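Coordinates from protein37.cif are shown below (mmCIF, C-alpha atoms).
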data_query
#
loop_
_atom_site.label_atom_id
_atom_site.label_comp_id
_atom_site.auth_asym_id
_atom_site.auth_seq_id
_atom_site.Cartn_x
_atom_site.Cartn_y
_atom_site.Cartn_z
CA MET K 20 183.96 57.64 357.64
CA SER K 21 181.90 57.92 360.80
CA GLY K 22 179.70 55.35 362.47
CA LEU K 23 175.96 54.92 362.47
CA ARG K 24 173.56 53.63 365.11
CA VAL K 25 170.90 51.64 363.29
CA ALA K 26 167.52 50.27 364.33
CA VAL K 27 165.62 47.68 362.31
CA LEU K 28 161.84 47.23 362.43
CA ALA K 29 160.50 43.91 361.18
CA SER K 30 157.26 41.94 361.32
CA GLY K 31 158.28 38.63 359.79
CA THR K 32 161.06 36.16 359.31
CA GLY K 33 163.73 38.83 359.34
CA THR K 34 165.86 37.71 356.41
CA ASN K 35 166.62 41.34 355.52
CA LEU K 36 167.60 41.95 359.15
CA GLN K 37 169.87 38.92 358.93
CA ALA K 38 171.51 40.31 355.78
CA ILE K 39 172.23 43.56 357.63
CA LEU K 40 173.56 41.71 360.69
CA ASP K 41 175.76 39.52 358.49
CA THR K 42 177.18 42.16 356.16
CA VAL K 43 177.21 45.61 357.78
CA HIS K 44 176.67 45.22 361.57
CA GLY K 45 179.91 45.82 363.42
CA ARG K 46 181.78 47.12 360.34
CA ASP K 47 182.88 50.68 359.57
CA GLY K 48 181.32 51.81 362.83
CA ILE K 49 177.82 50.65 361.86
CA GLU K 50 176.00 49.10 364.83
CA VAL K 51 172.52 47.63 364.89
CA VAL K 52 171.51 48.75 368.38
CA ALA K 53 167.78 47.97 368.43
CA VAL K 54 165.30 45.69 366.69
CA GLY K 55 161.60 46.37 367.11
CA SER K 56 158.53 44.49 365.98
CA ASP K 57 154.77 44.71 366.13
CA LYS K 58 154.60 40.91 366.47
CA PRO K 59 155.99 39.10 369.54
CA THR K 60 156.43 35.93 367.45
CA ALA K 61 158.45 37.55 364.63
CA ARG K 62 161.52 35.42 363.90
CA ALA K 63 163.39 38.67 363.40
CA LEU K 64 163.40 39.10 367.21
CA ALA K 65 165.17 35.78 367.71
CA ARG K 66 167.73 36.70 365.06
CA ALA K 67 168.41 39.98 366.89
CA ARG K 68 168.82 38.26 370.26
CA ASP K 69 171.18 35.72 368.68
CA ALA K 70 173.30 38.67 367.53
CA GLY K 71 173.20 40.27 370.98
CA VAL K 72 170.97 43.13 369.84
CA GLU K 73 168.35 44.60 372.17
CA THR K 74 164.74 43.97 371.12
CA ALA K 75 161.29 45.27 371.96
CA VAL K 76 157.73 44.50 370.87
CA PHE K 77 155.16 47.23 370.27
CA ARG K 78 151.80 45.54 369.83
CA ALA K 79 148.84 47.59 368.64
CA ALA K 80 146.69 45.96 371.34
CA ASP K 81 148.90 47.40 374.09
CA TYR K 82 148.24 51.03 373.11
CA PRO K 83 145.12 53.19 372.80
CA ASP K 84 145.90 53.99 369.15
CA ARG K 85 148.59 53.85 366.44
CA ALA K 86 149.94 57.27 367.36
CA ALA K 87 150.54 56.19 370.96
CA ARG K 88 152.19 52.96 369.84
CA ASP K 89 154.47 54.78 367.42
CA GLU K 90 155.32 57.41 370.04
CA ALA K 91 156.44 54.71 372.48
CA MET K 92 158.49 53.09 369.73
CA ALA K 93 160.08 56.41 368.73
CA ASP K 94 160.95 57.12 372.39
CA TRP K 95 162.54 53.69 372.74
CA LEU K 96 164.64 54.26 369.60
CA ALA K 97 165.60 57.81 370.55
CA GLU K 98 166.78 56.63 374.00
CA ARG K 99 169.19 54.31 372.20
CA GLY K 100 170.61 57.08 370.05
CA VAL K 101 169.28 55.59 366.83
CA GLU K 102 170.32 57.60 363.75
CA LEU K 103 168.79 55.43 361.03
CA VAL K 104 165.58 53.36 361.14
CA VAL K 105 165.47 50.52 358.62
CA LEU K 106 162.11 48.97 357.75
CA ALA K 107 162.81 45.37 356.80
CA GLY K 108 159.50 43.68 356.23
CA TYR K 109 157.73 45.90 358.77
CA MET K 110 154.06 45.53 357.89
CA GLN K 111 152.63 48.53 359.76
CA LEU K 112 152.19 52.01 358.32
CA LEU K 113 154.14 54.49 360.43
CA THR K 114 152.25 57.50 361.73
CA PRO K 115 153.25 61.02 360.61
CA GLY K 116 154.35 61.71 364.20
CA PHE K 117 156.88 58.87 364.04
CA ILE K 118 158.16 59.96 360.64
CA ARG K 119 158.70 63.52 361.86
CA ARG K 120 160.86 62.19 364.73
CA PHE K 121 163.35 60.77 362.18
CA PRO K 122 163.31 63.15 359.21
CA ASN K 123 164.96 61.52 356.17
CA ARG K 124 166.28 58.92 358.59
CA ILE K 125 163.87 56.08 357.83
CA ILE K 126 164.44 53.78 354.86
CA ASN K 127 162.34 50.94 353.46
CA VAL K 128 162.94 48.13 351.01
CA HIS K 129 160.11 47.44 348.55
CA PRO K 130 159.93 44.42 346.21
CA ALA K 131 159.17 46.33 342.99
CA LEU K 132 160.58 49.12 340.86
CA LEU K 133 158.63 52.02 342.33
CA PRO K 134 156.52 53.91 341.33
CA SER K 135 155.16 50.64 339.87
CA PHE K 136 153.31 48.40 342.34
CA PRO K 137 153.34 50.28 345.65
CA GLY K 138 151.58 48.82 348.67
CA LEU K 139 150.86 45.23 349.59
CA ASP K 140 151.88 42.18 347.56
CA ALA K 141 154.03 44.01 345.03
CA ILE K 142 155.26 40.72 343.58
CA GLY K 143 151.69 39.50 343.04
CA GLN K 144 150.75 42.85 341.51
CA ALA K 145 153.67 42.63 339.07
CA LEU K 146 152.78 39.08 338.03
CA ALA K 147 149.11 40.02 337.56
CA HIS K 148 150.06 43.03 335.42
CA GLY K 149 152.20 40.85 333.17
CA VAL K 150 155.45 42.83 333.41
CA ARG K 151 158.66 41.26 332.10
CA VAL K 152 160.94 43.24 334.43
CA THR K 153 160.38 44.10 338.07
CA GLY K 154 162.90 44.69 340.83
CA VAL K 155 163.73 46.15 344.21
CA THR K 156 163.67 49.72 345.52
CA VAL K 157 165.25 51.16 348.67
CA HIS K 158 163.72 54.53 349.48
CA PHE K 159 163.33 57.09 352.21
CA VAL K 160 159.98 56.83 353.98
CA ASP K 161 157.62 59.77 353.79
CA GLU K 162 153.98 59.99 354.79
CA GLY K 163 152.72 58.28 351.62
CA VAL K 164 152.67 54.57 350.82
CA ASP K 165 156.02 53.78 349.18
CA THR K 166 156.25 57.30 347.73
CA GLY K 167 159.45 58.63 349.32
CA PRO K 168 162.65 59.62 347.49
CA ILE K 169 164.38 56.65 345.85
CA ILE K 170 167.90 55.78 347.01
CA LEU K 171 168.72 52.58 345.09
CA GLN K 172 166.94 50.36 342.59
CA ARG K 173 167.88 47.18 340.83
CA ALA K 174 165.96 45.36 338.10
CA VAL K 175 164.98 41.68 338.33
CA PRO K 176 163.67 39.89 335.20
CA VAL K 177 160.40 38.00 335.58
CA PRO K 178 161.05 34.35 334.66
CA ASP K 179 159.30 33.22 331.47
CA SER K 180 157.42 30.66 333.58
CA ARG K 181 156.05 33.52 335.72
CA ASP K 182 156.61 31.14 338.64
CA ARG K 183 155.95 33.10 341.81
CA ALA K 184 158.33 31.19 344.07
CA GLU K 185 161.18 31.61 341.60
CA LEU K 186 160.54 35.36 341.26
CA GLU K 187 160.26 35.80 345.04
CA GLU K 188 163.57 34.08 345.55
CA ALA K 189 165.28 36.30 342.96
CA ILE K 190 163.78 39.47 344.45
CA HIS K 191 164.64 38.55 348.03
CA ALA K 192 168.24 37.84 346.98
CA VAL K 193 168.47 41.37 345.53
CA GLU K 194 166.85 42.87 348.65
CA HIS K 195 169.53 41.19 350.76
CA GLU K 196 172.19 43.02 348.76
CA LEU K 197 170.52 46.38 348.13
CA LEU K 198 169.33 47.16 351.69
CA PRO K 199 172.75 46.61 353.31
CA GLU K 200 174.31 48.60 350.45
CA ALA K 201 172.02 51.54 351.26
CA VAL K 202 172.96 51.34 354.96
CA ARG K 203 176.66 51.34 354.02
CA LEU K 204 176.23 54.37 351.73
CA ILE K 205 174.30 56.30 354.39
CA ALA K 206 176.88 55.42 357.07
CA ALA K 207 179.63 56.65 354.75
CA GLY K 208 177.84 60.00 354.44
CA ARG K 209 177.41 59.55 350.69
CA VAL K 210 173.60 59.89 350.57
CA THR K 211 171.91 63.29 350.55
CA ILE K 212 168.64 64.78 349.37
CA ASP K 213 169.16 67.24 346.51
CA PRO K 214 168.72 70.68 348.14
CA ALA K 215 167.18 71.88 344.86
CA ASN K 216 164.66 69.03 344.58
CA PRO K 217 163.44 66.95 347.53
CA ARG K 218 162.47 64.07 345.18
CA LEU K 219 166.06 63.44 344.17
CA VAL K 220 168.60 61.49 346.20
CA LEU K 221 172.23 62.25 345.44
CA ILE K 222 174.87 59.58 345.95
CA ALA K 223 178.41 60.90 346.17
CA PRO K 224 181.19 58.90 344.54
CA ALA K 225 183.33 56.77 346.85
CA ALA K 226 186.27 58.62 348.39
CA LYS K 227 189.53 57.75 346.68
CA MET J 12 158.16 30.13 310.11
CA SER J 13 155.70 32.14 308.06
CA GLY J 14 155.96 35.71 306.81
CA LEU J 15 154.43 38.90 308.11
CA ARG J 16 153.26 42.04 306.32
CA VAL J 17 154.16 44.97 308.57
CA ALA J 18 153.15 48.62 308.60
CA VAL J 19 154.94 51.26 310.63
CA LEU J 20 153.35 54.51 311.81
CA ALA J 21 155.74 57.29 312.80
CA SER J 22 155.58 61.01 313.48
CA GLY J 23 159.25 61.87 313.87
CA THR J 24 162.77 61.08 312.84
CA GLY J 25 162.01 57.41 312.35
CA THR J 26 165.03 55.85 314.02
CA ASN J 27 162.89 52.95 315.25
CA LEU J 28 161.57 52.50 311.69
CA GLN J 29 165.17 52.47 310.47
CA ALA J 30 166.07 49.78 313.02
CA ILE J 31 163.20 47.63 311.68
CA LEU J 32 164.21 48.27 308.06
CA ASP J 33 167.83 47.43 308.85
CA THR J 34 167.33 44.32 310.95
CA VAL J 35 164.05 42.54 310.11
CA HIS J 36 162.70 43.92 306.81
CA GLY J 37 163.18 41.37 304.03
CA ARG J 38 164.22 38.56 306.40
CA ASP J 39 162.27 35.45 307.40
CA GLY J 40 159.41 36.60 305.21
CA ILE J 41 158.93 39.86 307.15
CA GLU J 42 158.14 42.76 304.80
CA VAL J 43 157.52 46.37 305.75
CA VAL J 44 154.86 47.14 303.17
CA ALA J 45 153.58 50.54 304.33
CA VAL J 46 154.74 53.52 306.37
CA GLY J 47 152.19 56.08 307.46
CA SER J 48 152.54 59.38 309.25
CA ASP J 49 150.41 62.22 310.55
CA LYS J 50 153.17 64.67 309.57
CA PRO J 51 154.18 65.25 305.94
CA THR J 52 157.63 66.38 307.07
CA ALA J 53 158.42 63.31 309.20
CA ARG J 54 161.89 62.03 308.35
CA ALA J 55 160.46 58.54 308.73
CA LEU J 56 158.77 59.00 305.32
CA ALA J 57 162.08 59.67 303.60
CA ARG J 58 163.61 56.62 305.25
CA ALA J 59 160.71 54.50 303.97
CA ARG J 60 161.03 55.84 300.42
CA ASP J 61 164.78 55.18 300.52
CA ALA J 62 163.97 51.57 301.35
CA GLY J 63 161.42 51.33 298.54
CA VAL J 64 158.46 51.18 300.95
CA GLU J 65 155.14 52.80 300.06
CA THR J 66 154.18 55.80 302.21
CA ALA J 67 151.13 57.89 302.96
CA VAL J 68 150.32 60.92 305.09
CA PHE J 69 147.11 61.20 307.10
CA ARG J 70 146.89 64.75 308.40
CA ALA J 71 144.24 65.63 310.95
CA ALA J 72 143.45 68.78 308.96
CA ASP J 73 142.43 66.72 305.92
CA TYR J 74 139.59 64.90 307.73
CA PRO J 75 136.46 66.00 309.58
CA ASP J 76 137.56 64.26 312.78
CA ARG J 77 140.00 61.71 314.24
CA ALA J 78 137.67 58.78 313.56
CA ALA J 79 137.52 59.62 309.86
CA ARG J 80 141.28 60.06 309.66
CA ASP J 81 141.89 56.73 311.39
CA GLU J 82 139.31 54.99 309.19
CA ALA J 83 141.09 56.19 306.05
CA MET J 84 144.40 55.02 307.49
CA ALA J 85 142.96 51.62 308.44
CA ASP J 86 141.52 51.22 304.94
CA TRP J 87 144.87 52.07 303.38
CA LEU J 88 146.63 49.49 305.59
CA ALA J 89 143.99 46.80 305.04
CA GLU J 90 144.24 47.23 301.26
CA ARG J 91 147.93 46.40 301.57
CA GLY J 92 147.27 43.23 303.55
CA VAL J 93 148.95 44.55 306.71
CA GLU J 94 149.01 41.97 309.50
CA LEU J 95 150.94 43.94 312.11
CA VAL J 96 150.90 47.70 312.79
CA VAL J 97 153.99 48.99 314.59
CA LEU J 98 153.84 52.37 316.31
CA ALA J 99 157.35 53.77 316.24
CA GLY J 100 157.21 57.26 317.64
CA TYR J 101 153.66 57.81 316.40
CA MET J 102 152.41 60.74 318.45
CA GLN J 103 148.65 60.44 317.85
CA LEU J 104 146.24 58.45 319.98
CA LEU J 105 144.51 55.85 317.81
CA THR J 106 140.72 55.80 317.91
CA PRO J 107 138.89 52.71 319.23
CA GLY J 108 137.58 52.12 315.68
CA PHE J 109 141.15 51.79 314.36
CA ILE J 110 142.19 49.50 317.20
CA ARG J 111 139.22 47.19 316.56
CA ARG J 112 140.30 46.85 312.93
CA PHE J 113 143.61 45.27 314.06
CA PRO J 114 142.80 43.31 317.24
CA ASN J 115 146.02 42.43 319.11
CA ARG J 116 147.83 43.38 315.91
CA ILE J 117 149.13 46.80 316.95
CA ILE J 118 152.29 47.17 319.00
CA ASN J 119 153.95 50.22 320.51
CA VAL J 120 157.36 50.95 321.99
CA HIS J 121 157.38 53.11 325.14
CA PRO J 122 160.51 54.60 326.76
CA ALA J 123 159.80 53.45 330.34
CA LEU J 124 159.11 50.28 332.29
CA LEU J 125 155.33 50.38 332.21
CA PRO J 126 153.15 50.71 334.25
CA SER J 127 155.55 53.44 335.46
CA PHE J 128 155.47 56.68 333.46
CA PRO J 129 152.81 56.18 330.79
CA GLY J 130 151.95 59.00 328.41
CA LEU J 131 154.07 61.86 327.15
CA ASP J 132 157.71 62.49 328.04
CA ALA J 133 158.28 59.24 329.92
CA ILE J 134 162.00 59.96 330.16
CA GLY J 135 161.36 63.37 331.71
CA GLN J 136 158.82 61.82 334.09
CA ALA J 137 161.36 59.20 335.20
CA LEU J 138 164.07 61.81 335.80
CA ALA J 139 161.66 64.03 337.76
CA HIS J 140 160.56 61.09 339.93
CA GLY J 141 164.16 60.28 340.77
CA VAL J 142 164.17 56.61 339.75
CA ARG J 143 167.49 54.78 339.46
CA VAL J 144 166.23 52.27 336.89
CA THR J 145 163.95 52.89 333.94
CA GLY J 146 163.77 51.10 330.62
CA VAL J 147 161.80 50.22 327.52
CA THR J 148 158.49 48.40 327.03
CA VAL J 149 157.01 46.90 323.84
CA HIS J 150 153.30 46.25 324.32
CA PHE J 151 150.09 45.56 322.45
CA VAL J 152 147.97 48.67 322.02
CA ASP J 153 144.55 48.74 323.61
CA GLU J 154 142.18 51.65 324.08
CA GLY J 155 144.03 53.05 327.09
CA VAL J 156 147.20 55.14 327.13
CA ASP J 157 150.11 52.68 327.26
CA THR J 158 148.01 50.14 329.16
CA GLY J 159 148.00 47.13 326.80
CA PRO J 160 149.51 43.71 327.47
CA ILE J 161 153.30 43.80 327.77
CA ILE J 162 155.34 41.79 325.27
CA LEU J 163 158.95 42.67 326.12
CA GLN J 164 160.70 44.91 328.62
CA ARG J 165 164.31 45.72 329.28
CA ALA J 166 165.77 47.78 332.12
CA VAL J 167 168.07 50.77 331.57
CA PRO J 168 169.95 52.26 334.55
CA VAL J 169 169.65 56.02 335.05
CA PRO J 170 173.16 57.50 334.95
CA ASP J 171 174.36 58.93 338.29
CA SER J 172 174.62 62.31 336.55
CA ARG J 173 170.92 62.09 335.64
CA ASP J 174 172.00 63.62 332.34
CA ARG J 175 168.97 63.59 330.07
CA ALA J 176 170.84 63.28 326.77
CA GLU J 177 172.86 60.33 328.08
CA LEU J 178 169.72 58.56 329.33
CA GLU J 179 167.85 59.22 326.07
CA GLU J 180 170.68 57.74 324.07
CA ALA J 181 170.75 54.60 326.22
CA ILE J 182 166.96 54.18 326.02
CA HIS J 183 166.81 54.71 322.26
CA ALA J 184 169.56 52.12 321.77
CA VAL J 185 167.45 49.59 323.69
CA GLU J 186 164.32 50.55 321.71
CA HIS J 187 166.21 49.85 318.49
CA GLU J 188 166.84 46.29 319.69
CA LEU J 189 163.60 45.50 321.52
CA LEU J 190 161.10 46.65 318.87
CA PRO J 191 162.65 44.60 316.01
CA GLU J 192 162.93 41.65 318.43
CA ALA J 193 159.18 41.86 319.11
CA VAL J 194 158.45 41.94 315.36
CA ARG J 195 160.65 38.88 314.85
CA LEU J 196 158.91 36.98 317.67
CA ILE J 197 155.45 37.84 316.30
CA ALA J 198 156.46 36.87 312.77
CA ALA J 199 157.72 33.55 314.11
CA GLY J 200 154.32 32.89 315.69
CA ARG J 201 155.82 32.79 319.18
CA VAL J 202 153.69 35.57 320.73
CA THR J 203 150.17 34.85 322.03
CA ILE J 204 147.79 36.33 324.57
CA ASP J 205 147.17 33.91 327.45
CA PRO J 206 143.66 32.53 326.78
CA ALA J 207 143.15 32.39 330.56
CA ASN J 208 144.21 36.00 331.18
CA PRO J 209 144.15 38.74 328.54
CA ARG J 210 146.78 40.77 330.49
CA LEU J 211 149.45 38.14 329.99
CA VAL J 212 151.51 37.69 326.84
CA LEU J 213 153.03 34.26 326.36
CA ILE J 214 156.25 33.86 324.41
CA ALA J 215 156.91 30.36 323.18
CA PRO J 216 160.48 29.06 323.26
CA ALA J 217 162.36 29.08 319.97
CA ALA J 218 161.86 25.98 317.86
CA LYS J 219 164.84 23.61 318.11
#
Now, as a test, write the supplied structure out as structure tokens.
Amino acid sequence: MSGLRVAVLASGTGTNLQAILDTVHGRDGIEVVAVGSDKPTARALARARDAGVETAVFRAADYPDRAARDEAMADWLAERGVELVVLAGYMQLLTPGFIRRFPNRIINVHPALLPSFPGLDAIGQALAHGVRVTGVTVHFVDEGVDTGPIILQRAVPVPDSRDRAELEEAIHAVEHELLPEAVRLIAAGRVTIDPANPRLVLIAPAAK
Amino acid sequence: MSGLRVAVLASGTGTNLQAILDTVHGRDGIEVVAVGSDKPTARALARARDAGVETAVFRAADYPDRAARDEAMADWLAERGVELVVLAGYMQLLTPGFIRRFPNRIINVHPALLPSFPGLDAIGQALAHGVRVTGVTVHFVDEGVDTGPIILQRAVPVPDSRDRAELEEAIHAVEHELLPEAVRLIAAGRVTIDPANPRLVLIAPAAK
């Protein structure tokens, strides 16, 4: 089992970052070496600093366009030897140029069972549609919106009350397990894209 | 708890019909009073006859068009006092005229977690997309393809092997539980459409 240099991009409170810091950072050679954000006030940045992880802010307003912003961010990550980019509540669409810098090396966590409810407010979409089961997906990021190959999924029942706060809490709890699990599997070399079908992610059994 | 006169429409082997005959027919006032098919060779018809249930075949070739076929079928069901029409592997799209004859009184079982993978070969669609979780949906039938309000859903994990036969078996086993459960809930008067939102199905708690 080899190590893995991980970056996390986050726009918000950073609870998924915290789950990664608490459960995989510093274990089995996995190191979170960089945390980036588009928002200087993101609580994720404070969480990173508390864990001794280097941070940087890439604000849209500081660059002529999205491509320039993403290029600066990709350079910053590449300089730190980042091998896996984890989107953990990062609310910006990445440009194709950024995605090509980290081919099949960017993962995202989405609060629905894709392909249902891609895009913004997946939990609200699921409640409005009236589903009885939703869930969480961890997937590789491609140039579409939440369309990349699926690594892990777990179902979450919608409470009979359809109470949004209750469903959000249940989904976030699953995110906090599934995203670190995906990082662990990737670090262990167990995750590959099927050479015969780029839609399919293969997960090798654990070594005995 | 009042009774319910149920019809089942099926095109194939009729295993979902059999599950209904075995687990809800003749209990709590629920009676399967009619089984219809578009195919004279459907095994579902033999299962119905074995259970003493009246059957009829409505072949497309025997009518000038789909509307006429569905009108004859609706007449046949109405004459038998049918209060709930259950689609159990019925492979024909129902015409709007038929659906209006049984408003919110037609249910379908679909082998995926809608809104993912509507239409034909939902299991094949799920395998091709590379999902890790799929499942079963029971929903009211509206004029769209698998778009009606969702009554019940249950998740089914995709086996790591992605073996189609294994996944089909797991999904069919869940169908055989979820479809009878929906019939029981409807017969017990516990299923209503939210008056404030026609997308949402409300399920009342069981009486104490």
Find the spatial neighbours of region 25-33 of chain J, counting only C-alpha atoms, within a cut-off of 12 Å - ignore same-chain residues fewer than 3 positions away - and output them as a tab-separated table (two decimals) with C-alpha atoms, in the coordinates of the input.
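And here's part-v7.tsv as it stands now:
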chain	number	residue	atom	x	y	z
J	17	VAL	CA	154.16	44.97	308.57
J	18	ALA	CA	153.15	48.62	308.60
J	19	VAL	CA	154.94	51.26	310.63
J	20	LEU	CA	153.35	54.51	311.81
J	21	ALA	CA	155.74	57.29	312.80
J	22	SER	CA	155.58	61.01	313.48
J	36	HIS	CA	162.70	43.92	306.81
J	37	GLY	CA	163.18	41.37	304.03
J	38	ARG	CA	164.22	38.56	306.40
J	41	ILE	CA	158.93	39.86	307.15
J	42	GLU	CA	158.14	42.76	304.80
J	43	VAL	CA	157.52	46.37	305.75
J	44	VAL	CA	154.86	47.14	303.17
J	45	ALA	CA	153.58	50.54	304.33
J	46	VAL	CA	154.74	53.52	306.37
J	47	GLY	CA	152.19	56.08	307.46
J	48	SER	CA	152.54	59.38	309.25
J	50	LYS	CA	153.17	64.67	309.57
J	52	THR	CA	157.63	66.38	307.07
J	53	ALA	CA	158.42	63.31	309.20
J	54	ARG	CA	161.89	62.03	308.35
J	55	ALA	CA	160.46	58.54	308.73
J	56	LEU	CA	158.77	59.00	305.32
J	57	ALA	CA	162.08	59.67	303.60
J	58	ARG	CA	163.61	56.62	305.25
J	59	ALA	CA	160.71	54.50	303.97
J	60	ARG	CA	161.03	55.84	300.42
J	61	ASP	CA	164.78	55.18	300.52
J	62	ALA	CA	163.97	51.57	301.35
J	63	GLY	CA	161.42	51.33	298.54
J	64	VAL	CA	158.46	51.18	300.95
J	96	VAL	CA	150.90	47.70	312.79
J	97	VAL	CA	153.99	48.99	314.59
J	98	LEU	CA	153.84	52.37	316.31
J	99	ALA	CA	157.35	53.77	316.24
J	100	GLY	CA	157.21	57.26	317.64
J	101	TYR	CA	153.66	57.81	316.40
J	102	MET	CA	152.41	60.74	318.45
J	119	ASN	CA	153.95	50.22	320.51
J	120	VAL	CA	157.36	50.95	321.99
J	121	HIS	CA	157.38	53.11	325.14
J	122	PRO	CA	160.51	54.60	326.76
J	180	GLU	CA	170.68	57.74	324.07
J	182	ILE	CA	166.96	54.18	326.02
J	183	HIS	CA	166.81	54.71	322.26
J	184	ALA	CA	169.56	52.12	321.77
J	185	VAL	CA	167.45	49.59	323.69
J	186	GLU	CA	164.32	50.55	321.71
J	187	HIS	CA	166.21	49.85	318.49
J	188	GLU	CA	166.84	46.29	319.69
J	189	LEU	CA	163.60	45.50	321.52
J	190	LEU	CA	161.10	46.65	318.87
J	191	PRO	CA	162.65	44.60	316.01
J	192	GLU	CA	162.93	41.65	318.43
J	193	ALA	CA	159.18	41.86	319.11
J	194	VAL	CA	158.45	41.94	315.36
J	195	ARG	CA	160.65	38.88	314.85
Result set of the PyMOL selection byres ((chain J) within 12 of (chain K)) on the coordinates above, as a VMD selection string: chain J and resid 123 to 129 136 to 151 158 to 173 204 to 205 207 to 216
My list of candidates is J:Asp73, J:Glu90, J:Glu154, J:Glu179. Which is closest to Ile110 (chain J) when distances are computed with only C-alpha atoms? J:Glu154
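Summary of the local environment: counting all atoms listed in the file, residues at most 9 Å from region 119-123 of chain K, other than itself and those fewer than 3 positions away along its chain, are Ala93, Ala97, Glu102, Leu103, Val104, Thr114, Pro115, Gly116, Ile126, Phe159, Val160, Asp161 and Ile212 of chain K.
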Residue selection dump (C-alpha atoms) as a PDB file, in the coordinates of the input:
ATOM      1  CA  ALA K  93     160.080  56.410 368.730  1.00  0.00           C
ATOM      2  CA  ALA K  97     165.600  57.810 370.550  1.00  0.00           C
ATOM      3  CA  GLU K 102     170.320  57.600 363.750  1.00  0.00           C
ATOM      4  CA  LEU K 103     168.790  55.430 361.030  1.00  0.00           C
ATOM      5  CA  VAL K 104     165.580  53.360 361.140  1.00  0.00           C
ATOM      6  CA  THR K 114     152.250  57.500 361.730  1.00  0.00           C
ATOM      7  CA  PRO K 115     153.250  61.020 360.610  1.00  0.00           C
ATOM      8  CA  GLY K 116     154.350  61.710 364.200  1.00  0.00           C
ATOM      9  CA  ILE K 126     164.440  53.780 354.860  1.00  0.00           C
ATOM     10  CA  PHE K 159     163.330  57.090 352.210  1.00  0.00           C
ATOM     11  CA  VAL K 160     159.980  56.830 353.980  1.00  0.00           C
ATOM     12  CA  ASP K 161     157.620  59.770 353.790  1.00  0.00           C
ATOM     13  CA  ILE K 212     168.640  64.780 349.370  1.00  0.00           C
TER      14      ILE K 212
END
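Distances here use all atoms listed in the file; by that measure, the residue among K:Arg78, K:Arg85, K:Arg24, K:Arg124 closest to Pro59 (chain K) is K:Arg78.
The space separating CA of Ala67 (chain J) from CA of Gln103 (chain J) comes to 15.3 Å.
Atom pair CA of Phe77 (chain K) / CA of Asp57 (chain K) has a distance of 4.9 Å (rounded to one decimal).
Remark: for Leu186 (chain K), the closest of the candidate residues K:Leu23, K:Ala141, K:Thr74, K:Thr211 is K:Ala141 (distances computed over only C-alpha atoms).
When CA of Ala72 (chain J) is paired with CA of Leu131 (chain J), their separation reads 22.2 Å.
Shortest atom-to-atom contact with Glu185 (chain K) among K:Ala91, K:Ile125, K:Ala79, K:Ile142: K:Ile142, counting all atoms listed in the file.
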